[in-house]
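So this block is protein-v5.txt, compact mmCIF, C-alpha atoms:
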# COMPACT_ATOMS: atom_id res chain seq x y z
CA MET A 1414 61.73 130.93 63.72
CA THR A 1415 61.99 128.97 60.47
CA LEU A 1416 60.18 130.57 57.57
CA ALA A 1417 59.16 128.97 54.27
CA LYS A 1418 58.74 131.10 51.16
CA VAL A 1419 55.26 130.57 49.75
CA GLU A 1420 53.12 131.60 46.85
CA ILE A 1421 49.39 131.72 46.44
CA GLY A 1422 48.39 128.31 45.18
CA ASN A 1423 44.69 129.03 44.86
CA ILE A 1424 41.83 131.12 46.15
CA TYR A 1425 38.34 129.67 46.22
CA ILE A 1426 35.03 129.55 48.07
CA ASP A 1427 34.63 126.55 50.40
CA GLN A 1428 31.51 124.71 49.23
CA LYS A 1429 30.35 123.68 52.72
CA SER A 1430 30.81 126.95 54.59
CA GLY A 1431 30.66 129.47 51.75
CA VAL A 1432 33.80 131.11 53.18
CA PRO A 1433 36.68 132.19 50.92
CA VAL A 1434 39.95 130.29 51.37
CA VAL A 1435 43.43 131.26 50.21
CA ILE A 1436 45.95 128.44 49.82
CA LEU A 1437 49.59 129.26 50.54
CA LYS A 1438 51.95 126.77 48.94
CA ASP A 1439 55.53 126.17 50.17
CA LEU A 1440 57.85 126.60 47.18
CA ASP A 1441 60.31 123.96 48.46
CA SER A 1442 58.16 121.20 49.92
CA ASN A 1443 54.85 121.75 48.11
CA ASP A 1444 53.07 121.75 51.51
CA SER A 1445 49.90 123.83 51.50
CA LEU A 1446 48.29 125.95 54.18
CA PRO A 1447 44.63 126.97 53.76
CA ILE A 1448 43.58 130.19 55.48
CA LEU A 1449 39.96 131.31 55.74
CA ILE A 1450 39.55 134.96 54.78
CA ALA A 1451 36.75 137.50 54.55
CA PRO A 1452 34.89 137.94 51.24
CA LEU A 1453 36.06 141.53 50.71
CA GLU A 1454 39.73 140.65 51.14
CA ALA A 1455 39.27 137.59 48.93
CA SER A 1456 37.96 139.83 46.15
CA LEU A 1457 40.83 142.30 46.65
CA ILE A 1458 43.37 139.46 46.40
CA ALA A 1459 41.60 138.01 43.34
CA ILE A 1460 41.56 141.42 41.60
CA GLU A 1461 45.33 141.66 41.97
CA LEU A 1462 45.93 138.04 40.93
CA GLU A 1463 43.86 138.63 37.79
CA GLY A 1464 45.80 141.80 36.98
CA LYS A 1465 42.71 144.01 37.01
CA LYS A 1466 43.30 147.69 37.73
CA PRO A 1467 40.43 149.62 39.33
CA LEU A 1468 39.70 153.18 38.22
CA ARG A 1469 40.41 154.49 41.71
CA PRO A 1470 42.73 153.13 44.43
CA LEU A 1471 41.28 150.40 46.61
CA THR A 1472 42.24 150.19 50.29
CA HIS A 1473 45.44 148.20 49.76
CA ASP A 1474 46.44 150.42 46.82
CA LEU A 1475 45.97 153.40 49.12
CA ILE A 1476 48.24 151.79 51.73
CA VAL A 1477 50.91 151.21 49.06
CA ASN A 1478 50.64 154.89 48.04
CA ILE A 1479 50.94 156.07 51.64
CA LEU A 1480 53.96 153.86 52.31
CA SER A 1481 55.62 155.14 49.15
CA GLN A 1482 55.07 158.77 50.19
CA LEU A 1483 56.62 157.95 53.57
CA SER A 1484 59.60 156.24 51.81
CA TYR A 1485 58.81 152.78 53.21
CA GLN A 1486 58.91 149.59 51.19
CA VAL A 1487 57.25 146.31 52.01
CA GLU A 1488 60.24 144.04 52.52
CA SER A 1489 58.11 140.93 53.07
CA ILE A 1490 55.13 139.61 54.93
CA ASP A 1491 54.98 136.55 57.13
CA VAL A 1492 52.25 134.43 58.61
CA TYR A 1493 53.83 133.48 61.91
CA ASP A 1494 51.32 132.12 64.42
CA LEU A 1495 47.98 130.42 65.05
CA LYS A 1496 46.06 131.07 68.27
CA GLU A 1497 42.48 129.95 68.92
CA ASN A 1498 42.09 129.13 65.21
CA ILE A 1499 43.16 132.63 64.16
CA TYR A 1500 46.27 133.14 62.01
CA TYR A 1501 48.57 136.06 62.75
CA ALA A 1502 50.68 137.88 60.19
CA ARG A 1503 52.98 140.85 60.07
CA ILE A 1504 54.01 143.28 57.38
CA ASN A 1505 57.76 143.93 57.42
CA LEU A 1506 58.57 147.46 56.29
CA ILE A 1507 61.96 148.95 55.55
CA ASP A 1508 63.21 152.51 55.09
CA GLY A 1509 66.96 152.39 54.68
CA GLU A 1510 68.20 150.78 57.88
CA LYS A 1511 64.97 151.38 59.79
CA LYS A 1512 62.65 148.36 59.96
CA LEU A 1513 59.09 148.15 61.23
CA HIS A 1514 56.96 145.07 61.87
CA ILE A 1515 53.23 145.79 61.64
CA ASP A 1516 50.63 143.35 63.00
CA SER A 1517 48.12 142.35 60.33
CA ARG A 1518 45.48 139.87 59.31
CA PRO A 1519 46.99 137.43 56.81
CA SER A 1520 44.50 138.47 54.12
CA ASP A 1521 45.49 142.14 54.33
CA ALA A 1522 49.19 141.29 54.41
CA ILE A 1523 48.82 139.02 51.37
CA ALA A 1524 46.88 141.68 49.43
CA LEU A 1525 49.61 144.19 50.22
CA ALA A 1526 52.41 141.78 49.29
CA LEU A 1527 50.78 141.10 45.92
CA ARG A 1528 50.53 144.81 45.14
CA THR A 1529 54.17 145.45 46.08
CA LYS A 1530 55.55 142.21 44.57
CA SER A 1531 56.98 141.37 48.01
CA PRO A 1532 57.78 137.84 49.18
CA ILE A 1533 55.34 135.96 51.39
CA TYR A 1534 56.60 133.63 54.14
CA VAL A 1535 54.92 131.16 56.50
CA GLU A 1536 56.34 129.88 59.78
CA ARG A 1537 57.05 126.18 59.14
CA LYS A 1538 55.41 125.11 62.40
CA LEU A 1539 52.07 126.22 60.93
CA PHE A 1540 52.36 123.59 58.20
CA ALA A 1541 53.08 121.09 60.96
CA MET A 1542 50.04 122.19 62.93
CA TYR A 1543 47.82 121.95 59.86
CA MET A 1544 49.15 118.59 58.66
CA GLY A 1545 49.20 117.00 62.09
CA ILE A 1546 52.22 115.98 64.13
CA GLY A 1547 52.22 112.33 62.99
CA LYS A 1548 52.58 113.09 59.31
CA ILE A 1549 54.95 115.99 59.79
CA ALA A 1550 57.29 113.96 61.99
CA LYS A 1551 58.01 111.73 59.01
CA GLU A 1552 58.43 114.51 56.48
CA VAL A 1553 60.29 117.48 57.97
CA ASP A 1554 63.83 118.03 59.08
CA LYS A 1555 64.69 117.57 62.75
CA GLU A 1556 65.21 121.30 63.34
CA THR A 1557 61.70 122.21 62.17
CA LEU A 1558 60.15 119.39 64.19
CA LYS A 1559 62.12 120.41 67.29
CA GLU A 1560 61.03 124.03 66.87
CA PHE A 1561 57.41 122.98 66.40
CA LEU A 1562 57.45 120.88 69.58
CA GLU A 1563 59.25 123.54 71.62
CA ASN A 1564 56.84 126.28 70.58
CA ILE A 1565 53.56 124.43 70.79
CA ASP A 1566 51.18 126.07 73.18
CA ILE A 1567 49.02 123.72 75.21
CA GLU A 1568 46.04 125.94 74.29
CA ASP A 1569 46.71 125.29 70.57
CA ALA A 1570 46.05 121.61 71.20
CA GLY A 1571 42.84 122.14 73.13
CA GLY A 1572 44.53 121.53 76.48
CA LYS A 1573 46.33 118.33 75.57
CA ILE A 1574 49.11 117.36 73.20
CA MET A 1575 48.52 113.60 72.95
Show me the file's structure as structure tokens.
Amino acid sequence: MTLAKVEIGNIYIDQKSGVPVVILKDLDSNDSLPILIAPLEASLIAIELEGKKPLRPLTHDLIVNILSQLSYQVESIDVYDLKENIYYARINLIDGEKKLHIDSRPSDAIALALRTKSPIYVERKLFAMYMGIGKIAKEVDKETLKEFLENIDIEDAGGKIM
């Protein structure tokens, strides 16, 4: 698995669908990955990006408080897969030498990462899947391209690769 460190490039409402979108931007290549998210999570991400502090803990603040009481830290989060047009993420927790990997929606993982100032990563093959194999073949290193081709699921391509 080859991960790219990303930051939030933007969060906006798609004009056609009315659905919130968060843009994750690769810090090295400037590639972007748009992910559709639910309105509630979009507002929770936006609140944190704007530095607003609610009077009482919101859901992700509560999770941070619980993790702290249990002595866990969010080491990082990563968006690692796309299946049937749904992105998959995980929250990587650490307590000393003990590590846990918790399945999550990307929006929840991102909201949590922002609150804990934890790094956000995206599996490079997801940029390749978004950009299309033709363009990516010209722009990425051989190792990333090889990994993308080895890990592509025939279902991801609607039953055919070419």
Distance query Glu1488 (chain A) at most 10 Å, all atoms listed in the file, self and fewer than 5 positions along chain excluded, as an NGL selection string | :A and (1504-1508 or 1512-1514 or 1526 or 1529-1533)
Residue neighbourhood region 1433-1439 of chain A, 6 Å, all atoms listed in the file, exclusion window fewer than 4 positions, as a ChimeraX atom specification = /A:1418-1426,1443-1450
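If all atoms listed in the file are the atoms counted, then among A:Lys1496, A:Gly1509, A:Tyr1485, A:Ser1520 the closest residue to Met1542 (chain A) is A:Lys1496.
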Go ahead and compute the interatomic distance for CA of Ala1524 (chain A) and CA of Asp1441 (chain A), in Å to one decimal.
->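 Distance reported for this atom pair: 22.3 Å.
In this structure, CA of Tyr1534 (chain A) sits 22.3 Å away from CA of Leu1453 (chain A).
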As a check of understanding: the span from CA of Ser1430 (chain A) to CA of Asp1521 (chain A) is 21.1 Å
Top pick for closest residue to Pro1519 (chain A), considering A:Leu1539, A:Met1544, A:Val1492, A:Ile1476 and counting all atoms listed in the file |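 Closest residue, counting all atoms listed in the file: A:Val1492.
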